[in-house]
file final01.cif (mmCIF, N, CA and C atoms and all ligand atoms)
data_my_file
#
loop_
_atom_site.label_atom_id
_atom_site.label_comp_id
_atom_site.auth_asym_id
_atom_site.auth_seq_id
_atom_site.Cartn_x
_atom_site.Cartn_y
_atom_site.Cartn_z
N MET V 1 -3.03 -19.23 2.10
CA MET V 1 -2.58 -18.66 3.38
C MET V 1 -3.74 -18.61 4.35
N PRO V 2 -3.46 -18.56 5.64
CA PRO V 2 -4.54 -18.49 6.61
C PRO V 2 -5.35 -17.21 6.44
N ASP V 3 -6.60 -17.29 6.76
CA ASP V 3 -7.44 -16.11 6.66
C ASP V 3 -6.94 -15.08 7.67
N LEU V 4 -6.57 -13.91 7.18
CA LEU V 4 -5.94 -12.92 8.04
C LEU V 4 -6.74 -11.64 7.97
N GLU V 5 -7.24 -11.22 9.11
CA GLU V 5 -8.00 -9.97 9.17
C GLU V 5 -7.02 -8.82 9.33
N LEU V 6 -6.84 -8.04 8.27
CA LEU V 6 -5.86 -6.95 8.32
C LEU V 6 -6.52 -5.64 8.75
N ASP V 7 -5.76 -4.88 9.50
CA ASP V 7 -6.24 -3.58 9.99
C ASP V 7 -6.27 -2.58 8.83
N ARG V 8 -7.44 -2.00 8.59
CA ARG V 8 -7.58 -1.01 7.52
C ARG V 8 -7.89 0.38 8.07
N ARG V 9 -7.84 0.53 9.38
CA ARG V 9 -8.25 1.81 9.98
C ARG V 9 -7.14 2.86 9.88
N LEU V 10 -7.49 4.02 9.38
CA LEU V 10 -6.53 5.12 9.34
C LEU V 10 -6.16 5.56 10.75
N ASP V 11 -7.09 5.39 11.69
CA ASP V 11 -6.82 5.77 13.08
C ASP V 11 -5.68 4.96 13.70
N SER V 12 -5.35 3.82 13.10
CA SER V 12 -4.26 3.00 13.64
C SER V 12 -2.89 3.54 13.26
N LEU V 13 -2.87 4.49 12.34
CA LEU V 13 -1.58 5.01 11.88
C LEU V 13 -1.04 6.07 12.84
N ASP V 14 0.26 6.21 12.81
CA ASP V 14 0.95 7.31 13.48
C ASP V 14 0.31 8.64 13.01
N ALA V 15 0.08 9.55 13.93
CA ALA V 15 -0.70 10.75 13.63
C ALA V 15 -0.07 11.63 12.55
N VAL V 16 1.24 11.79 12.59
CA VAL V 16 1.90 12.64 11.60
C VAL V 16 1.85 11.98 10.22
N PHE V 17 2.12 10.67 10.20
CA PHE V 17 2.03 9.93 8.93
C PHE V 17 0.59 9.95 8.41
N ARG V 18 -0.35 9.83 9.32
CA ARG V 18 -1.77 9.79 8.91
C ARG V 18 -2.17 11.06 8.16
N SER V 19 -1.64 12.19 8.57
CA SER V 19 -2.00 13.43 7.86
C SER V 19 -1.47 13.39 6.42
N LYS V 20 -0.31 12.77 6.23
CA LYS V 20 0.22 12.59 4.86
C LYS V 20 -0.68 11.65 4.06
N VAL V 21 -1.17 10.63 4.73
CA VAL V 21 -2.05 9.65 4.06
C VAL V 21 -3.35 10.33 3.62
N TYR V 22 -3.89 11.20 4.48
CA TYR V 22 -5.09 11.94 4.08
C TYR V 22 -4.82 12.72 2.80
N GLU V 23 -3.64 13.34 2.75
CA GLU V 23 -3.31 14.12 1.55
C GLU V 23 -3.16 13.21 0.34
N LEU V 24 -2.53 12.07 0.53
CA LEU V 24 -2.39 11.10 -0.57
C LEU V 24 -3.77 10.71 -1.11
N LEU V 25 -4.69 10.39 -0.21
CA LEU V 25 -6.02 9.95 -0.64
C LEU V 25 -6.76 11.09 -1.34
N ALA V 26 -6.59 12.30 -0.83
CA ALA V 26 -7.26 13.45 -1.45
C ALA V 26 -6.71 13.72 -2.85
N ARG V 27 -5.38 13.72 -2.97
CA ARG V 27 -4.75 14.00 -4.28
C ARG V 27 -5.06 12.89 -5.28
N ALA V 28 -5.11 11.66 -4.82
CA ALA V 28 -5.45 10.54 -5.70
C ALA V 28 -6.88 10.69 -6.21
N THR V 29 -7.76 11.09 -5.32
CA THR V 29 -9.16 11.30 -5.72
C THR V 29 -9.25 12.40 -6.77
N GLU V 30 -8.52 13.49 -6.53
CA GLU V 30 -8.49 14.57 -7.51
C GLU V 30 -8.03 14.09 -8.88
N ALA V 31 -7.09 13.14 -8.87
CA ALA V 31 -6.53 12.63 -10.13
C ALA V 31 -7.41 11.55 -10.75
N GLY V 32 -8.52 11.24 -10.08
CA GLY V 32 -9.45 10.26 -10.65
C GLY V 32 -9.11 8.82 -10.33
N LEU V 33 -8.22 8.63 -9.34
CA LEU V 33 -7.84 7.27 -8.94
C LEU V 33 -8.71 6.84 -7.77
N LEU V 34 -9.46 5.76 -7.96
CA LEU V 34 -10.30 5.23 -6.90
C LEU V 34 -9.51 4.14 -6.18
N LEU V 35 -9.33 4.34 -4.87
CA LEU V 35 -8.46 3.43 -4.10
C LEU V 35 -9.24 2.67 -3.04
N VAL V 36 -8.71 1.53 -2.66
CA VAL V 36 -9.16 0.86 -1.45
C VAL V 36 -7.97 0.78 -0.50
N ILE V 37 -8.25 0.88 0.79
CA ILE V 37 -7.21 0.71 1.79
C ILE V 37 -7.11 -0.78 2.11
N VAL V 38 -5.93 -1.33 1.92
CA VAL V 38 -5.73 -2.77 2.10
C VAL V 38 -5.23 -3.08 3.50
N ASN V 39 -4.31 -2.26 4.01
CA ASN V 39 -3.73 -2.54 5.33
C ASN V 39 -3.03 -1.29 5.85
N THR V 40 -3.25 -1.02 7.12
CA THR V 40 -2.51 0.07 7.76
C THR V 40 -1.48 -0.55 8.73
N ARG V 41 -1.86 -0.71 9.99
CA ARG V 41 -0.89 -1.25 10.96
C ARG V 41 -0.94 -2.77 11.02
N ARG V 42 0.22 -3.37 11.30
CA ARG V 42 0.33 -4.81 11.54
C ARG V 42 1.04 -5.04 12.86
N ASP V 43 0.74 -6.15 13.51
CA ASP V 43 1.60 -6.55 14.62
C ASP V 43 2.65 -7.52 14.07
N ASN V 44 3.59 -7.90 14.94
CA ASN V 44 4.71 -8.72 14.43
C ASN V 44 4.26 -10.10 13.99
N ILE V 45 3.18 -10.60 14.56
CA ILE V 45 2.66 -11.92 14.15
C ILE V 45 2.07 -11.83 12.75
N GLN V 46 1.27 -10.78 12.50
CA GLN V 46 0.70 -10.59 11.16
C GLN V 46 1.81 -10.41 10.13
N GLN V 47 2.85 -9.67 10.50
CA GLN V 47 3.97 -9.46 9.58
C GLN V 47 4.62 -10.80 9.21
N ALA V 48 4.81 -11.67 10.21
CA ALA V 48 5.43 -12.98 9.97
C ALA V 48 4.53 -13.83 9.07
N ILE V 49 3.22 -13.79 9.30
CA ILE V 49 2.29 -14.57 8.48
C ILE V 49 2.33 -14.10 7.02
N LEU V 50 2.32 -12.77 6.84
CA LEU V 50 2.35 -12.22 5.48
C LEU V 50 3.66 -12.57 4.78
N ARG V 51 4.74 -12.56 5.55
CA ARG V 51 6.04 -12.88 4.97
C ARG V 51 6.07 -14.35 4.54
N ASP V 52 5.57 -15.21 5.41
CA ASP V 52 5.54 -16.64 5.07
C ASP V 52 4.68 -16.91 3.84
N ALA V 53 3.65 -16.08 3.66
CA ALA V 53 2.73 -16.27 2.54
C ALA V 53 3.22 -15.58 1.27
N GLY V 54 4.38 -14.92 1.35
CA GLY V 54 4.92 -14.24 0.18
C GLY V 54 4.23 -12.93 -0.12
N ARG V 55 3.49 -12.39 0.84
CA ARG V 55 2.81 -11.12 0.61
C ARG V 55 3.56 -9.96 1.24
N SER V 56 4.66 -10.27 1.89
CA SER V 56 5.59 -9.24 2.34
C SER V 56 6.97 -9.87 2.20
N TRP V 57 7.99 -9.02 2.04
CA TRP V 57 9.32 -9.57 1.76
C TRP V 57 10.33 -9.20 2.83
N VAL V 58 9.86 -8.55 3.86
CA VAL V 58 10.79 -8.09 4.88
C VAL V 58 10.41 -8.64 6.25
N LYS V 59 11.45 -8.75 7.11
CA LYS V 59 11.22 -9.26 8.46
C LYS V 59 10.59 -8.18 9.33
N ARG V 60 11.10 -6.98 9.18
CA ARG V 60 10.56 -5.85 9.94
C ARG V 60 9.97 -4.86 8.95
N SER V 61 8.78 -4.38 9.25
CA SER V 61 8.09 -3.49 8.33
C SER V 61 7.67 -2.23 9.04
N LYS V 62 7.63 -1.13 8.30
CA LYS V 62 7.13 0.13 8.85
C LYS V 62 5.66 0.02 9.26
N HIS V 63 4.98 -0.97 8.70
CA HIS V 63 3.58 -1.18 9.09
C HIS V 63 3.47 -1.46 10.59
N GLU V 64 4.50 -2.06 11.17
CA GLU V 64 4.45 -2.43 12.59
C GLU V 64 4.48 -1.20 13.49
N GLN V 65 4.94 -0.07 12.95
CA GLN V 65 4.98 1.17 13.73
C GLN V 65 3.87 2.14 13.31
N GLY V 66 2.98 1.68 12.45
CA GLY V 66 1.93 2.58 11.96
C GLY V 66 2.48 3.63 11.01
N LEU V 67 3.60 3.32 10.36
CA LEU V 67 4.27 4.30 9.49
C LEU V 67 4.24 3.88 8.04
N ALA V 68 3.31 3.00 7.68
CA ALA V 68 3.17 2.57 6.29
C ALA V 68 1.71 2.22 6.03
N ILE V 69 1.34 2.31 4.75
CA ILE V 69 -0.01 1.92 4.35
C ILE V 69 0.07 1.20 3.01
N ASP V 70 -0.81 0.23 2.85
CA ASP V 70 -1.00 -0.41 1.55
C ASP V 70 -2.36 -0.01 1.02
N VAL V 71 -2.36 0.52 -0.18
CA VAL V 71 -3.61 0.83 -0.88
C VAL V 71 -3.58 0.08 -2.21
N ALA V 72 -4.73 0.02 -2.86
CA ALA V 72 -4.78 -0.60 -4.19
C ALA V 72 -5.76 0.18 -5.05
N LEU V 73 -5.48 0.17 -6.34
CA LEU V 73 -6.47 0.68 -7.29
C LEU V 73 -7.71 -0.20 -7.15
N SER V 74 -8.85 0.43 -6.97
CA SER V 74 -10.05 -0.32 -6.63
C SER V 74 -10.37 -1.41 -7.66
N ASP V 75 -10.28 -1.10 -8.93
CA ASP V 75 -10.63 -2.10 -9.95
C ASP V 75 -9.64 -3.25 -9.97
N VAL V 76 -8.36 -2.95 -9.70
CA VAL V 76 -7.34 -4.01 -9.65
C VAL V 76 -7.61 -4.93 -8.46
N PHE V 77 -7.93 -4.31 -7.33
CA PHE V 77 -8.21 -5.11 -6.13
C PHE V 77 -9.44 -5.99 -6.33
N GLN V 78 -10.46 -5.43 -6.99
CA GLN V 78 -11.67 -6.22 -7.26
C GLN V 78 -11.33 -7.43 -8.14
N ALA V 79 -10.46 -7.18 -9.13
CA ALA V 79 -10.16 -8.24 -10.09
C ALA V 79 -9.14 -9.25 -9.56
N LYS V 80 -8.17 -8.78 -8.77
CA LYS V 80 -7.02 -9.63 -8.43
C LYS V 80 -6.96 -10.03 -6.96
N GLY V 81 -7.71 -9.34 -6.11
CA GLY V 81 -7.67 -9.69 -4.70
C GLY V 81 -6.42 -9.16 -4.01
N PRO V 82 -6.16 -9.63 -2.78
CA PRO V 82 -5.13 -9.02 -1.94
C PRO V 82 -3.69 -9.46 -2.24
N ASP V 83 -3.50 -10.38 -3.17
CA ASP V 83 -2.15 -10.84 -3.48
C ASP V 83 -1.40 -9.79 -4.30
N LYS V 84 -0.47 -9.10 -3.61
CA LYS V 84 0.21 -7.97 -4.25
C LYS V 84 0.95 -8.34 -5.53
N LEU V 85 1.48 -9.54 -5.57
CA LEU V 85 2.26 -9.92 -6.75
C LEU V 85 1.38 -9.93 -8.00
N ALA V 86 0.10 -10.17 -7.82
CA ALA V 86 -0.83 -10.19 -8.95
C ALA V 86 -1.14 -8.78 -9.45
N TRP V 87 -0.74 -7.76 -8.65
CA TRP V 87 -1.02 -6.38 -9.05
C TRP V 87 0.00 -5.89 -10.08
N ASN V 88 1.13 -6.58 -10.18
CA ASN V 88 2.15 -6.20 -11.16
C ASN V 88 1.72 -6.71 -12.53
N MET V 89 0.88 -5.96 -13.17
CA MET V 89 0.28 -6.46 -14.40
C MET V 89 0.98 -5.90 -15.63
N ASP V 90 0.85 -6.65 -16.71
CA ASP V 90 1.49 -6.25 -17.96
C ASP V 90 0.76 -5.08 -18.63
N ASP V 91 -0.46 -4.89 -18.24
CA ASP V 91 -1.30 -3.86 -18.86
C ASP V 91 -0.71 -2.47 -18.64
N ARG V 92 -0.28 -1.85 -19.70
CA ARG V 92 0.41 -0.56 -19.60
C ARG V 92 -0.49 0.52 -19.00
N ALA V 93 -1.76 0.52 -19.37
CA ALA V 93 -2.67 1.54 -18.86
C ALA V 93 -2.84 1.42 -17.34
N VAL V 94 -2.86 0.18 -16.86
CA VAL V 94 -2.98 -0.03 -15.41
C VAL V 94 -1.69 0.42 -14.73
N LEU V 95 -0.56 0.03 -15.31
CA LEU V 95 0.73 0.42 -14.73
C LEU V 95 0.87 1.94 -14.69
N ASP V 96 0.40 2.60 -15.72
CA ASP V 96 0.47 4.06 -15.73
C ASP V 96 -0.31 4.68 -14.57
N ARG V 97 -1.43 4.07 -14.21
CA ARG V 97 -2.19 4.59 -13.06
C ARG V 97 -1.46 4.34 -11.75
N TRP V 98 -0.78 3.19 -11.62
CA TRP V 98 0.04 2.95 -10.42
C TRP V 98 1.16 3.98 -10.34
N ILE V 99 1.79 4.25 -11.48
CA ILE V 99 2.90 5.21 -11.49
C ILE V 99 2.40 6.60 -11.12
N LEU V 100 1.24 6.98 -11.65
CA LEU V 100 0.65 8.26 -11.28
C LEU V 100 0.43 8.34 -9.77
N LEU V 101 -0.10 7.27 -9.21
CA LEU V 101 -0.32 7.23 -7.76
C LEU V 101 1.01 7.35 -7.01
N GLY V 102 2.02 6.61 -7.47
CA GLY V 102 3.32 6.66 -6.81
C GLY V 102 3.92 8.06 -6.84
N GLU V 103 3.77 8.73 -7.98
CA GLU V 103 4.32 10.08 -8.10
C GLU V 103 3.57 11.06 -7.21
N ILE V 104 2.28 10.86 -7.06
CA ILE V 104 1.51 11.71 -6.13
C ILE V 104 2.05 11.53 -4.72
N GLY V 105 2.28 10.29 -4.32
CA GLY V 105 2.80 10.02 -2.98
C GLY V 105 4.18 10.63 -2.78
N GLU V 106 5.03 10.49 -3.78
CA GLU V 106 6.38 11.03 -3.66
C GLU V 106 6.37 12.56 -3.60
N LYS V 107 5.44 13.16 -4.31
CA LYS V 107 5.33 14.62 -4.32
C LYS V 107 4.99 15.17 -2.93
N ILE V 108 4.27 14.38 -2.15
CA ILE V 108 3.95 14.85 -0.80
C ILE V 108 4.92 14.29 0.24
N GLY V 109 6.02 13.70 -0.23
CA GLY V 109 7.11 13.35 0.67
C GLY V 109 7.10 11.93 1.21
N LEU V 110 6.32 11.06 0.61
CA LEU V 110 6.31 9.66 1.05
C LEU V 110 7.27 8.83 0.21
N ARG V 111 7.73 7.73 0.79
CA ARG V 111 8.51 6.75 0.02
C ARG V 111 7.53 5.76 -0.59
N TRP V 112 7.72 5.49 -1.90
CA TRP V 112 6.80 4.62 -2.63
C TRP V 112 7.47 3.27 -2.92
N GLY V 113 6.78 2.19 -2.56
CA GLY V 113 7.32 0.84 -2.77
C GLY V 113 7.45 0.44 -4.23
N GLY V 114 6.83 1.19 -5.12
CA GLY V 114 6.94 0.90 -6.54
C GLY V 114 8.35 1.07 -7.08
N ARG V 115 9.22 1.76 -6.32
CA ARG V 115 10.62 1.97 -6.75
C ARG V 115 11.52 0.81 -6.35
N TRP V 116 11.02 -0.09 -5.54
CA TRP V 116 11.89 -1.14 -4.98
C TRP V 116 12.15 -2.23 -6.03
N ASP V 117 13.19 -3.04 -5.76
CA ASP V 117 13.58 -4.10 -6.70
C ASP V 117 12.40 -5.03 -6.98
N VAL V 118 11.75 -5.47 -5.91
CA VAL V 118 10.47 -6.16 -6.08
C VAL V 118 9.41 -5.10 -5.83
N ALA V 119 8.81 -4.61 -6.91
CA ALA V 119 7.90 -3.47 -6.80
C ALA V 119 6.73 -3.80 -5.87
N ASP V 120 6.47 -2.88 -4.95
CA ASP V 120 5.34 -3.00 -4.03
C ASP V 120 4.46 -1.78 -4.34
N LEU V 121 3.64 -1.93 -5.37
CA LEU V 121 3.01 -0.77 -6.02
C LEU V 121 2.06 0.00 -5.13
N GLY V 122 1.46 -0.65 -4.16
CA GLY V 122 0.47 0.02 -3.34
C GLY V 122 0.99 0.48 -1.99
N HIS V 123 2.31 0.32 -1.79
CA HIS V 123 2.89 0.61 -0.48
C HIS V 123 3.48 2.02 -0.41
N PHE V 124 3.10 2.73 0.64
CA PHE V 124 3.68 4.04 0.93
C PHE V 124 4.11 4.05 2.39
N GLU V 125 5.23 4.71 2.65
CA GLU V 125 5.71 4.79 4.03
C GLU V 125 6.43 6.11 4.26
N VAL V 126 6.73 6.39 5.54
CA VAL V 126 7.45 7.63 5.85
C VAL V 126 8.84 7.57 5.24
N ARG V 127 9.32 8.71 4.89
CA ARG V 127 10.67 8.81 4.36
C ARG V 127 11.65 9.11 5.48
ZN ZN U 201 3.09 -2.27 2.71
#

call {"tool": "encode", "arguments": {"input": "final01.cif", "output": "C-alpha cells", "more": "lines below"}}
Ligand SMILES: [Zn+2]
result
Amino acid sequence: MPDLELDRRLDSLDAVFRSKVYELLARATEAGLLLVIVNTRRDNIQQAILRDAGRSWVKRSKHEQGLAIDVALSDVFQAKGPDKLAWNMDDRAVLDRWILLGEIGEKIGLRWGGRWDVADLGHFEVR
C-alpha cells in the first residue's frame, strides 16, 4: 500500500471522546499493558486508501469525526507492524491481553472493535 502518514495525535480527537481515551490509556497502563497509538483521526481520503488496502472494512468510519482510535499492544506492533489483520494471532496469551484491553475499554463505556465479525482488536470508538 502507499506510504500513509497516519495522525496519532490525541489532540485531533473529539474532546469528550479524548477524555475517555485518556482513561483507557491510564487503565491499560495500570493493568500492565504497554500500548502504541496507531491512528486517531482520518480524513475521507485516508479512509479510502486504508479501505482499498484492506486495513479498514468500512466506507465511513468514526475516525473521520475524531470519535475513534486505533491502539496496539506495543510488542505486537513491533513484531507485526501496522497491518491489523496480522494482529489476530493464534497465541492465546496475546489474545488474552487484547481481550483484557477490550474489557477495560468497554468498562469505561467505549465500543470495542474486537466484538465485530471481523475483529478489529485495537479499535475503540464512542458508543
Ligand atoms: Zn479503527

call {"tool": "atom_distance", "arguments": {"input": "final01.cif", "atom1": "atom N of Ile49 (chain V)", "atom2": "atom C of Phe17 (chain V)"}}
result
23.9 Å

call {"tool": "select_by_dssp", "arguments": {"input": "final01.cif", "residues": "chain V", "states": "alpha helix (DSSP H)", "output": "PyMOL selection string"}}
result
chain V and resi 15-30+44-52+74-80+92-107

call {"tool": "residues_near_ligand", "arguments": {"input": "final01.cif", "ligand": "ligand ZN 201 (chain U)", "cutoff": "9 Å", "atoms": "only C-alpha atoms and all ligand atoms", "output": "ChimeraX atom specification"}}
result
/V:38-40,56,61-63,68-71,113,120-125

call {"tool": "select_by_dssp", "arguments": {"input": "final01.cif", "residues": "chain V", "states": "strand (DSSP E or B)", "output": "list in words"}}
result
Leu35, Val36, Ile37, Val38, Asn39, Ala68, Ile69, Asp70, Val71, Ala72, Leu73, Arg111, Trp112, His123, Phe124 and Glu125 of chain V

call {"tool": "closest_residue", "arguments": {"input": "final01.cif", "among": "V:Val118, V:Leu35, V:Leu110, V:Ala26", "to": "Lys84 (chain V)", "atoms": "only C-alpha atoms"}}
result
V:Val118

call {"tool": "atom_distance", "arguments": {"input": "final01.cif", "atom1": "CA of Ala53 (chain V)", "atom2": "CA of Asp83 (chain V)"}}
result
9.5 Å

call {"tool": "atom_distance", "arguments": {"input": "final01.cif", "atom1": "atom C of Glu106 (chain V)", "atom2": "CA of Lys20 (chain V)"}}
result
10.5 Å

call {"tool": "closest_residue", "arguments": {"input": "final01.cif", "among": "V:Val16, V:Val21, V:Leu73, V:Leu6", "to": "Arg41 (chain V)", "atoms": "all atoms listed in the file"}}
result
V:Leu6

call {"tool": "decode", "arguments": {"input": "final01.cif", "residues": "region 14-82 of chain V", "atoms": "C-alpha atoms", "output": "compact mmCIF listing (two decimals), in the first residue's frame"}}
result
# COMPACT_ATOMS: atom_id res chain seq x y z
CA ASP V 14 -13.17 14.99 19.77
CA ALA V 15 -12.70 16.48 23.26
CA VAL V 16 -15.30 14.35 25.06
CA PHE V 17 -14.06 11.15 23.39
CA ARG V 18 -10.48 12.17 24.15
CA SER V 19 -11.15 12.20 27.88
CA LYS V 20 -12.36 8.58 27.58
CA VAL V 21 -9.20 7.73 25.66
CA TYR V 22 -7.06 9.19 28.45
CA GLU V 23 -8.87 6.91 30.86
CA LEU V 24 -8.39 3.92 28.57
CA LEU V 25 -4.65 4.59 28.36
CA ALA V 26 -4.39 5.08 32.12
CA ARG V 27 -6.33 1.90 32.96
CA ALA V 28 -4.34 -0.11 30.41
CA THR V 29 -1.11 1.12 31.96
CA GLU V 30 -2.37 0.11 35.40
CA ALA V 31 -3.09 -3.36 34.01
CA GLY V 32 0.45 -3.62 32.67
CA LEU V 33 -0.48 -3.26 29.01
CA LEU V 34 2.02 -1.20 27.03
CA LEU V 35 0.29 0.40 24.05
CA VAL V 36 1.19 2.39 20.99
CA ILE V 37 -1.23 4.80 19.36
CA VAL V 38 -1.62 3.77 15.73
CA ASN V 39 -4.20 6.26 14.44
CA THR V 40 -6.61 8.83 15.76
CA ARG V 41 -8.37 10.99 13.15
CA ARG V 42 -8.54 10.27 9.41
CA ASP V 43 -9.81 12.32 6.52
CA ASN V 44 -12.02 10.71 3.88
CA ILE V 45 -9.09 10.20 1.50
CA GLN V 46 -7.06 8.33 4.14
CA GLN V 47 -10.13 6.24 4.94
CA ALA V 48 -10.50 5.29 1.25
CA ILE V 49 -6.80 4.39 0.99
CA LEU V 50 -6.96 2.20 4.11
CA ARG V 51 -10.10 0.52 2.83
CA ASP V 52 -8.52 -0.21 -0.55
CA ALA V 53 -5.50 -1.66 1.26
CA GLY V 54 -7.68 -3.94 3.38
CA ARG V 55 -6.75 -2.15 6.59
CA SER V 56 -10.26 -0.86 7.12
CA TRP V 57 -13.51 -2.53 6.16
CA VAL V 58 -15.96 0.33 6.17
CA LYS V 59 -16.72 3.21 3.84
CA ARG V 60 -17.44 5.64 6.64
CA SER V 61 -15.52 5.45 9.89
CA LYS V 62 -15.83 7.14 13.26
CA HIS V 63 -12.17 8.02 12.79
CA GLU V 64 -13.31 10.69 10.32
CA GLN V 65 -15.13 12.52 13.13
CA GLY V 66 -12.36 12.10 15.69
CA LEU V 67 -14.56 9.60 17.53
CA ALA V 68 -12.36 6.50 17.23
CA ILE V 69 -8.82 5.45 18.00
CA ASP V 70 -6.63 2.53 16.99
CA VAL V 71 -4.09 1.35 19.51
CA ALA V 72 -1.90 -1.75 19.54
CA LEU V 73 -0.09 -3.81 22.11
CA SER V 74 3.42 -2.45 21.79
CA ASP V 75 5.16 -5.81 21.37
CA VAL V 76 2.61 -6.95 18.76
CA PHE V 77 3.05 -3.73 16.82
CA GLN V 78 6.83 -4.09 16.94
CA ALA V 79 6.61 -7.65 15.67
CA LYS V 80 3.77 -7.35 13.14
CA GLY V 81 3.64 -3.73 12.02
CA PRO V 82 0.52 -1.73 11.16
